[in-house]
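**Student:** This is the content of entry_39.txt (compact mmCIF, C-alpha atoms):
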```txt
# COMPACT_ATOMS: atom_id res chain seq x y z
CA ALA C 1077 -31.94 -12.02 16.76
CA TRP C 1078 -33.47 -11.56 13.30
CA TYR C 1079 -31.17 -10.75 10.41
CA SER C 1080 -32.41 -9.02 7.30
CA ILE C 1081 -30.25 -9.13 4.20
CA GLU C 1082 -30.88 -6.72 1.36
CA ILE C 1083 -29.28 -8.02 -1.82
CA SER C 1084 -29.08 -5.43 -4.56
CA ASP C 1085 -26.81 -4.12 -7.28
CA PHE C 1086 -24.60 -1.32 -6.03
CA PRO C 1087 -22.37 0.58 -8.50
CA LYS C 1088 -18.64 0.34 -7.98
CA CYS C 1089 -16.83 3.63 -8.18
CA GLY C 1090 -13.76 3.22 -10.35
CA LYS C 1091 -14.52 -0.23 -11.75
CA SER C 1092 -16.91 -1.47 -14.39
CA GLY C 1093 -20.06 -3.30 -13.41
CA SER C 1094 -21.58 -3.50 -9.97
CA GLU C 1095 -21.15 -5.48 -6.79
CA GLN C 1096 -23.67 -7.01 -4.43
CA HIS C 1097 -24.60 -4.82 -1.50
CA ARG C 1098 -26.12 -6.22 1.64
CA VAL C 1099 -27.42 -4.76 4.83
CA TYR C 1100 -27.41 -6.94 7.96
CA PHE C 1101 -29.78 -6.17 10.80
CA ASP C 1102 -30.08 -7.42 14.33
CA VAL C 1103 -33.64 -6.48 15.28
CA LYS C 1104 -35.28 -7.07 18.64
CA GLU C 1105 -38.83 -5.92 19.40
CA ASN C 1106 -38.82 -3.72 16.27
CA GLU C 1107 -35.75 -1.82 17.46
CA ILE C 1108 -32.50 -1.80 15.50
CA VAL C 1109 -29.85 -3.23 17.81
CA SER C 1110 -26.90 -3.39 15.43
CA LYS C 1111 -26.30 -2.73 11.75
CA ALA C 1112 -23.58 -3.10 9.17
CA ILE C 1113 -23.08 -2.58 5.46
CA ILE C 1114 -20.88 -5.26 3.92
CA ARG C 1115 -19.83 -5.33 0.29
CA GLY C 1116 -18.96 -8.54 -1.50
CA ARG C 1117 -20.77 -11.27 -3.38
CA PHE C 1118 -23.24 -13.07 -1.12
CA SER C 1119 -22.91 -16.75 -0.28
CA LYS C 1120 -23.83 -19.05 2.60
CA GLU C 1121 -20.13 -19.25 3.50
CA TYR C 1122 -19.81 -15.49 3.43
CA PHE C 1123 -22.74 -15.07 5.81
CA ASP C 1124 -21.44 -17.79 8.16
CA GLU C 1125 -18.10 -15.96 8.30
CA PHE C 1126 -19.95 -12.74 9.12
CA LEU C 1127 -21.76 -14.43 12.00
CA LYS C 1128 -18.54 -15.97 13.30
CA ASN C 1129 -16.53 -12.74 13.11
CA ASN C 1130 -19.24 -10.89 15.04
CA GLU C 1131 -19.72 -13.71 17.58
CA ILE C 1132 -23.39 -14.13 16.65
CA ILE C 1133 -24.81 -17.50 17.67
CA ASN C 1134 -28.57 -17.05 18.18
CA VAL C 1135 -30.13 -16.49 14.76
CA GLU C 1136 -33.92 -16.94 14.87
CA LYS C 1137 -34.65 -16.09 11.27
CA ILE C 1138 -33.12 -14.56 8.13
CA VAL C 1139 -35.20 -12.30 5.90
CA PHE C 1140 -34.05 -11.65 2.32
CA THR C 1141 -35.19 -8.72 0.21
CA GLY C 1142 -33.91 -6.72 -2.74
CA ILE C 1143 -33.49 -7.41 -6.42
CA GLY C 1144 -31.40 -10.55 -5.88
CA ALA C 1145 -33.39 -12.08 -3.04
CA ASN C 1146 -35.20 -14.64 -5.18
CA ASN C 1147 -31.89 -16.12 -6.30
CA ILE C 1148 -31.13 -17.35 -2.79
CA ASN C 1149 -31.41 -21.09 -2.12
CA LYS C 1150 -33.22 -21.28 1.21
CA ASP C 1151 -32.17 -24.90 1.66
CA ASP C 1152 -28.57 -23.74 2.16
CA PHE C 1153 -29.41 -22.33 5.59
CA ASN C 1154 -29.93 -24.09 8.91
CA TYR C 1155 -32.54 -21.62 10.19
CA PRO C 1156 -35.90 -20.28 8.96
CA VAL C 1157 -35.64 -18.08 5.86
CA ASN C 1158 -38.21 -15.63 4.50
CA THR C 1159 -38.23 -13.57 1.30
CA ILE C 1160 -40.02 -10.20 1.28
CA ASP C 1161 -40.94 -8.21 -1.83
CA GLU C 1162 -38.58 -5.26 -2.17
CA PHE C 1163 -41.34 -2.66 -2.55
CA VAL C 1164 -43.00 -3.94 0.63
CA GLY C 1165 -39.67 -3.65 2.46
CA ILE C 1166 -39.20 -0.13 1.10
CA ALA C 1167 -42.66 0.93 2.22
CA LYS C 1168 -42.62 -0.68 5.68
CA GLY C 1169 -39.12 0.49 6.51
CA ALA C 1170 -39.53 4.11 5.46
CA LEU C 1171 -42.87 4.62 7.24
CA SER C 1172 -41.70 2.84 10.39
CA LEU C 1173 -38.49 4.86 10.65
CA MET C 1174 -40.44 8.11 10.24
CA ASP C 1175 -43.44 6.95 12.33
CA LYS C 1176 -45.94 7.75 9.57
CA GLU C 1177 -48.94 5.92 8.15
CA GLU C 1178 -48.90 7.29 4.60
CA ALA C 1179 -46.35 8.91 2.30
CA LEU C 1180 -44.70 8.87 -1.08
CA VAL C 1181 -41.56 6.79 -0.51
CA VAL C 1182 -38.63 7.48 -2.83
CA SER C 1183 -35.99 4.74 -2.87
CA VAL C 1184 -32.73 6.08 -4.25
CA GLY C 1185 -30.62 3.13 -5.33
CA THR C 1186 -28.72 2.62 -8.57
CA GLY C 1187 -31.84 4.17 -10.09
CA THR C 1188 -34.80 5.65 -8.22
CA ALA C 1189 -38.23 4.14 -7.49
CA PHE C 1190 -41.38 5.99 -6.39
CA ILE C 1191 -43.80 4.06 -4.17
CA ASP C 1192 -47.15 5.43 -3.03
CA VAL C 1193 -47.93 4.01 0.42
CA THR C 1194 -51.33 4.34 2.08
CA LYS C 1195 -52.89 2.60 5.07
CA THR C 1196 -54.26 -0.11 2.78
CA ASP C 1197 -51.99 -0.28 -0.26
CA VAL C 1198 -48.40 -0.21 -1.54
CA LYS C 1199 -48.24 0.89 -5.18
CA HIS C 1200 -45.13 1.22 -7.32
CA LEU C 1201 -45.74 4.32 -9.44
CA GLY C 1202 -42.62 4.08 -11.57
CA GLY C 1203 -39.16 5.60 -11.41
CA THR C 1204 -36.16 7.13 -13.12
CA GLY C 1205 -32.74 5.86 -14.15
CA VAL C 1206 -31.20 8.78 -12.27
CA GLY C 1207 -29.76 7.75 -8.92
CA ALA C 1208 -26.59 6.53 -7.25
CA GLY C 1209 -25.42 4.90 -10.49
CA THR C 1210 -25.64 8.28 -12.22
CA LEU C 1211 -23.69 10.02 -9.47
CA PHE C 1212 -20.92 7.42 -9.19
CA ASN C 1213 -20.37 6.83 -12.89
CA PHE C 1214 -20.51 10.52 -13.85
CA SER C 1215 -17.98 11.15 -11.09
CA LYS C 1216 -15.78 8.42 -12.50
CA ALA C 1217 -16.05 9.68 -16.09
CA PHE C 1218 -15.74 13.42 -15.43
CA LEU C 1219 -13.54 13.53 -12.33
CA GLY C 1220 -11.62 10.26 -12.36
CA ILE C 1221 -12.87 9.45 -8.85
CA THR C 1222 -12.25 5.85 -7.89
CA ASN C 1223 -13.69 5.59 -4.38
CA PHE C 1224 -16.61 6.79 -2.34
CA ASP C 1225 -14.57 8.65 0.30
CA GLU C 1226 -12.82 10.74 -2.35
CA MET C 1227 -16.15 11.75 -3.84
CA LEU C 1228 -17.53 12.61 -0.41
CA GLU C 1229 -14.54 14.85 0.31
CA LEU C 1230 -14.97 16.69 -2.99
CA ILE C 1231 -18.70 17.26 -2.46
CA GLU C 1232 -18.04 18.73 0.99
CA LYS C 1233 -15.54 21.24 -0.43
CA GLY C 1234 -17.54 22.17 -3.54
CA ASN C 1235 -19.80 25.13 -4.28
CA VAL C 1236 -22.64 24.32 -6.66
CA GLU C 1237 -23.19 27.99 -7.49
CA ASN C 1238 -19.89 27.99 -9.36
CA VAL C 1239 -21.23 25.54 -11.96
CA ASP C 1240 -25.04 25.89 -11.93
CA LEU C 1241 -26.86 28.81 -13.48
CA ARG C 1242 -29.36 30.24 -10.97
CA ILE C 1243 -32.31 32.60 -11.42
CA LYS C 1244 -30.33 35.32 -9.65
CA ASP C 1245 -27.65 35.12 -12.34
CA ILE C 1246 -30.03 36.59 -14.91
CA THR C 1247 -32.51 38.66 -12.87
CA LYS C 1248 -32.99 40.25 -9.46
CA GLU C 1249 -36.79 40.02 -9.69
CA GLU C 1250 -38.08 37.24 -7.45
CA LYS C 1251 -41.41 35.48 -7.96
CA ALA C 1252 -43.31 33.17 -5.61
CA THR C 1253 -42.50 30.01 -7.58
CA LEU C 1254 -39.11 31.23 -8.79
CA PRO C 1255 -36.87 32.11 -5.83
CA LEU C 1256 -33.57 33.66 -6.83
CA ASP C 1257 -31.47 30.66 -5.73
CA LEU C 1258 -33.51 28.23 -7.87
CA THR C 1259 -31.54 26.38 -10.54
CA LEU C 1260 -32.15 27.64 -14.07
CA ALA C 1261 -29.70 25.24 -15.73
CA ASN C 1262 -27.66 22.46 -14.16
CA PHE C 1263 -24.01 23.05 -15.12
CA GLY C 1264 -25.08 26.20 -16.94
CA LYS C 1265 -21.86 27.90 -15.85
CA LEU C 1266 -19.56 24.91 -16.40
CA SER C 1267 -16.26 25.81 -18.06
CA LYS C 1268 -12.81 24.33 -18.65
CA ASP C 1269 -11.69 26.15 -15.49
CA SER C 1270 -14.36 24.62 -13.24
CA LYS C 1271 -12.90 22.96 -10.14
CA PRO C 1272 -13.44 19.22 -9.50
CA GLU C 1273 -15.05 19.90 -6.12
CA ASP C 1274 -17.61 22.25 -7.70
CA ILE C 1275 -18.43 19.69 -10.39
CA ALA C 1276 -18.92 17.04 -7.67
CA ALA C 1277 -21.29 19.37 -5.81
CA GLY C 1278 -23.10 20.03 -9.09
CA LEU C 1279 -23.57 16.31 -9.70
CA ILE C 1280 -25.18 15.55 -6.33
CA ASN C 1281 -27.32 18.67 -6.74
CA MET C 1282 -28.48 17.62 -10.22
CA VAL C 1283 -29.36 14.09 -9.15
CA PHE C 1284 -31.52 15.23 -6.23
CA GLU C 1285 -33.11 18.12 -8.10
CA ILE C 1286 -34.35 15.61 -10.69
CA ILE C 1287 -35.59 13.28 -7.95
CA GLY C 1288 -37.11 16.18 -6.01
CA VAL C 1289 -38.99 17.52 -9.04
CA MET C 1290 -40.42 14.08 -9.84
CA ALA C 1291 -41.46 13.55 -6.22
CA SER C 1292 -43.11 16.97 -6.05
CA PHE C 1293 -45.08 16.30 -9.24
CA ASN C 1294 -46.19 12.91 -7.88
CA VAL C 1295 -47.79 14.44 -4.77
CA ALA C 1296 -48.97 17.70 -6.38
CA ASN C 1297 -52.64 16.66 -6.44
CA LYS C 1298 -52.59 14.64 -3.23
CA GLU C 1299 -53.80 15.75 0.18
CA ASN C 1300 -50.85 14.07 1.86
CA LYS C 1301 -47.66 15.67 0.54
CA ASP C 1302 -45.15 13.85 2.76
CA VAL C 1303 -42.16 12.44 0.85
CA ILE C 1304 -39.68 10.06 2.50
CA LEU C 1305 -36.33 9.49 0.80
CA ILE C 1306 -34.27 6.40 1.59
CA GLY C 1307 -31.01 4.95 0.30
CA ASN C 1308 -27.26 5.29 0.81
CA ILE C 1309 -26.70 8.56 -1.02
CA THR C 1310 -29.62 10.39 0.63
CA THR C 1311 -27.30 11.18 3.55
CA LEU C 1312 -24.58 12.81 1.41
CA PRO C 1313 -23.64 16.49 1.90
CA GLY C 1314 -25.81 18.86 -0.10
CA VAL C 1315 -28.89 16.64 -0.27
CA ARG C 1316 -30.76 18.34 2.57
CA GLU C 1317 -30.09 21.76 1.02
CA VAL C 1318 -31.67 20.64 -2.26
CA LEU C 1319 -34.76 19.31 -0.47
CA ASP C 1320 -35.06 22.49 1.60
CA ARG C 1321 -35.22 24.57 -1.57
CA PHE C 1322 -38.17 22.51 -2.81
CA GLU C 1323 -39.98 23.05 0.49
CA MET C 1324 -39.59 26.82 0.08
CA LEU C 1325 -41.55 26.84 -3.20
CA GLY C 1326 -44.89 27.07 -1.39
CA THR C 1327 -46.24 23.72 -2.64
CA ASN C 1328 -46.58 22.30 0.91
CA VAL C 1329 -44.42 19.30 0.00
CA LYS C 1330 -42.43 18.05 3.00
CA PHE C 1331 -39.29 15.94 2.49
CA TYR C 1332 -37.97 13.55 5.13
CA VAL C 1333 -34.75 11.52 5.29
CA PRO C 1334 -34.73 8.94 8.14
CA GLU C 1335 -31.71 8.69 10.38
CA ASP C 1336 -31.15 5.08 9.26
CA SER C 1337 -32.03 5.76 5.65
CA GLU C 1338 -29.50 3.31 4.22
CA PHE C 1339 -30.93 0.47 6.34
CA SER C 1340 -34.58 1.18 5.65
CA VAL C 1341 -35.35 -1.64 3.22
CA ALA C 1342 -33.77 -4.33 5.39
CA TYR C 1343 -35.57 -3.00 8.45
CA GLY C 1344 -38.88 -2.95 6.57
CA ALA C 1345 -38.38 -6.54 5.46
CA VAL C 1346 -38.08 -7.66 9.09
CA ILE C 1347 -41.22 -5.75 10.09
CA ALA C 1348 -43.16 -7.17 7.13
CA SER C 1349 -42.21 -10.74 8.06
CA MET C 1350 -43.12 -10.47 11.74
```
When written as structure tokens, how does the structure in this file appear?
**Tutor:**
Amino acid sequence: AWYSIEISDFPKCGKSGSEQHRVYFDVKENEIVSKAIIRGRFSKEYFDEFLKNNEIINVEKIVFTGIGANNINKDDFNYPVNTIDEFVGIAKGALSLMDKEEALVVSVGTGTAFIDVTKTDVKHLGGTGVGAGTLFNFSKAFLGITNFDEMLELIEKGNVENVDLRIKDITKEEKATLPLDLTLANFGKLSKDSKPEDIAAGLINMVFEIIGVMASFNVANKENKDVILIGNITTLPGVREVLDRFEMLGTNVKFYVPEDSEFSVAYGAVIASM
């Protein structure tokens, strides 16, 4: 069994600062056998406890990736240890999970990174500070939400049209690049009477509209317009609806979210080290 550990900052909802977020993978013959997200500060002792609690005894190799991977002391472990560049893990994981050779890969973490991946190159194009950190901390400040499950419940109950101003709110005349349900102003209808669930829906919508616009602009002049989004919050309610609206604009951009989106980087790190 190979175990890949992604070590990255992950914003706490309801507390200041961030905690370490790891993804553990058991991978055999490039197939994901088991997976788990465990939150807590990483240590050799912590990982040994994880192995013991899950009755794992045959560890062939550990692969570290993510922003904190280089801080790991490899000498602490009794088995082979590799470190894989995070952007390589992002690229390999996303393309493998979607069975594609080229794409713009968008990694939505605390912030968001845009990586152009071709058959011969992995290039970090840049990014934005808008991401999971924006969603969680805005939710904490505006809604007093202190845990992920509470935020998820609110998003599922919310209606973004109650807080966002849409084209159809000011005109009934539809144009090819301006469908009536397109957002004219995020939170353009926000008022003191707005419900918490609608604000939550507006926040997830705003985050992914910003990411979607930036992704669309990045592939606008490219022949390949495939965009793969990965990361924990890409599977939240409302995300697919935002991406579908971009696909309806006639720009030929196609958005994909892999089934194991939140495990993509760890999976890619294993593939890259094989």
**Student:** CA of Gly1205 in chain C to CA of Ala1189 in chain C: how many Å, to one decimal?
**Tutor:**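 Interatomic distance here is 8.8 Å.
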**Student:** Interatomic distance between CA of Thr1188 in chain C and CA of Val1206 in chain C?
**Tutor:**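 Here the two named atoms are 6.3 Å from each other.
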**Student:** Please list as a PyMOL selection string every residue within 10 Å of range 1260-1267 of chain C, counting all atoms listed in the file and excluding residues in the same chain fewer than 6 positions away.
**Tutor:** chain C and resi 1236-1246+1254+1274-1275+1278-1279+1281-1283+1285
**Student:** Go through C:Gly1207, C:Gly1234, C:Gly1307, C:Pro1313 one by one, measure the shortest atom-to-atom distance of each to Phe1284 in chain C using all atoms listed in the file, and give the residue with the smallest value.
**Tutor:** C:Gly1207
**Student:** What is the distance between CA of Ile1231 in chain C and CA of Ala1277 in chain C, in Å to one decimal?
**Tutor:** 4.7 Å
**Student:** Give me the residues near Asp1197 in chain C as a list in words, where near means some atom within 10 Å (using all atoms listed in the file) and where sequence neighbours in that chain fewer than 3 positions away do not count.
**Tutor:**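 Non-adjacent residues within range: Val1164, Ala1167, Glu1178, Asp1192, Val1193, Thr1194 and His1200 of chain C.
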**Student:** Residues of range 1138-1255 of chain C that approach range 1332-1344 of chain C to 9 Å or less, counting only C-alpha atoms: could you list each one with the shortest pair of atoms and its distance in Å to one decimal, rows by chain and increasing residue number, as a Markdown table?
**Tutor:**
```
| residue | atom | partner | partner_atom | distance |
| --- | --- | --- | --- | --- |
| C:Val1139 | CA | C:Ala1342 | CA | 8.1 |
| C:Phe1140 | CA | C:Ala1342 | CA | 7.9 |
| C:Thr1141 | CA | C:Ala1342 | CA | 6.9 |
| C:Gly1142 | CA | C:Val1341 | CA | 8.0 |
| C:Glu1162 | CA | C:Val1341 | CA | 7.3 |
| C:Phe1163 | CA | C:Val1341 | CA | 8.4 |
| C:Val1164 | CA | C:Gly1344 | CA | 7.3 |
| C:Gly1165 | CA | C:Gly1344 | CA | 4.2 |
| C:Ile1166 | CA | C:Val1341 | CA | 4.6 |
| C:Ala1167 | CA | C:Gly1344 | CA | 6.9 |
| C:Lys1168 | CA | C:Gly1344 | CA | 4.5 |
| C:Gly1169 | CA | C:Gly1344 | CA | 3.4 |
| C:Ala1170 | CA | C:Ser1340 | CA | 5.8 |
| C:Leu1171 | CA | C:Gly1344 | CA | 8.6 |
| C:Ser1172 | CA | C:Gly1344 | CA | 7.5 |
| C:Leu1173 | CA | C:Pro1334 | CA | 6.1 |
| C:Met1174 | CA | C:Pro1334 | CA | 6.1 |
| C:Ser1183 | CA | C:Val1341 | CA | 8.8 |
```
**Student:** I need the residue nearest Asn1235 in chain C from this list: C:Met1324, C:Ile1143, C:Ile1133, C:Ile1280. Use only C-alpha atoms for the distance.
**Tutor:**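 Smallest distance to Asn1235 in chain C is found for C:Ile1280.
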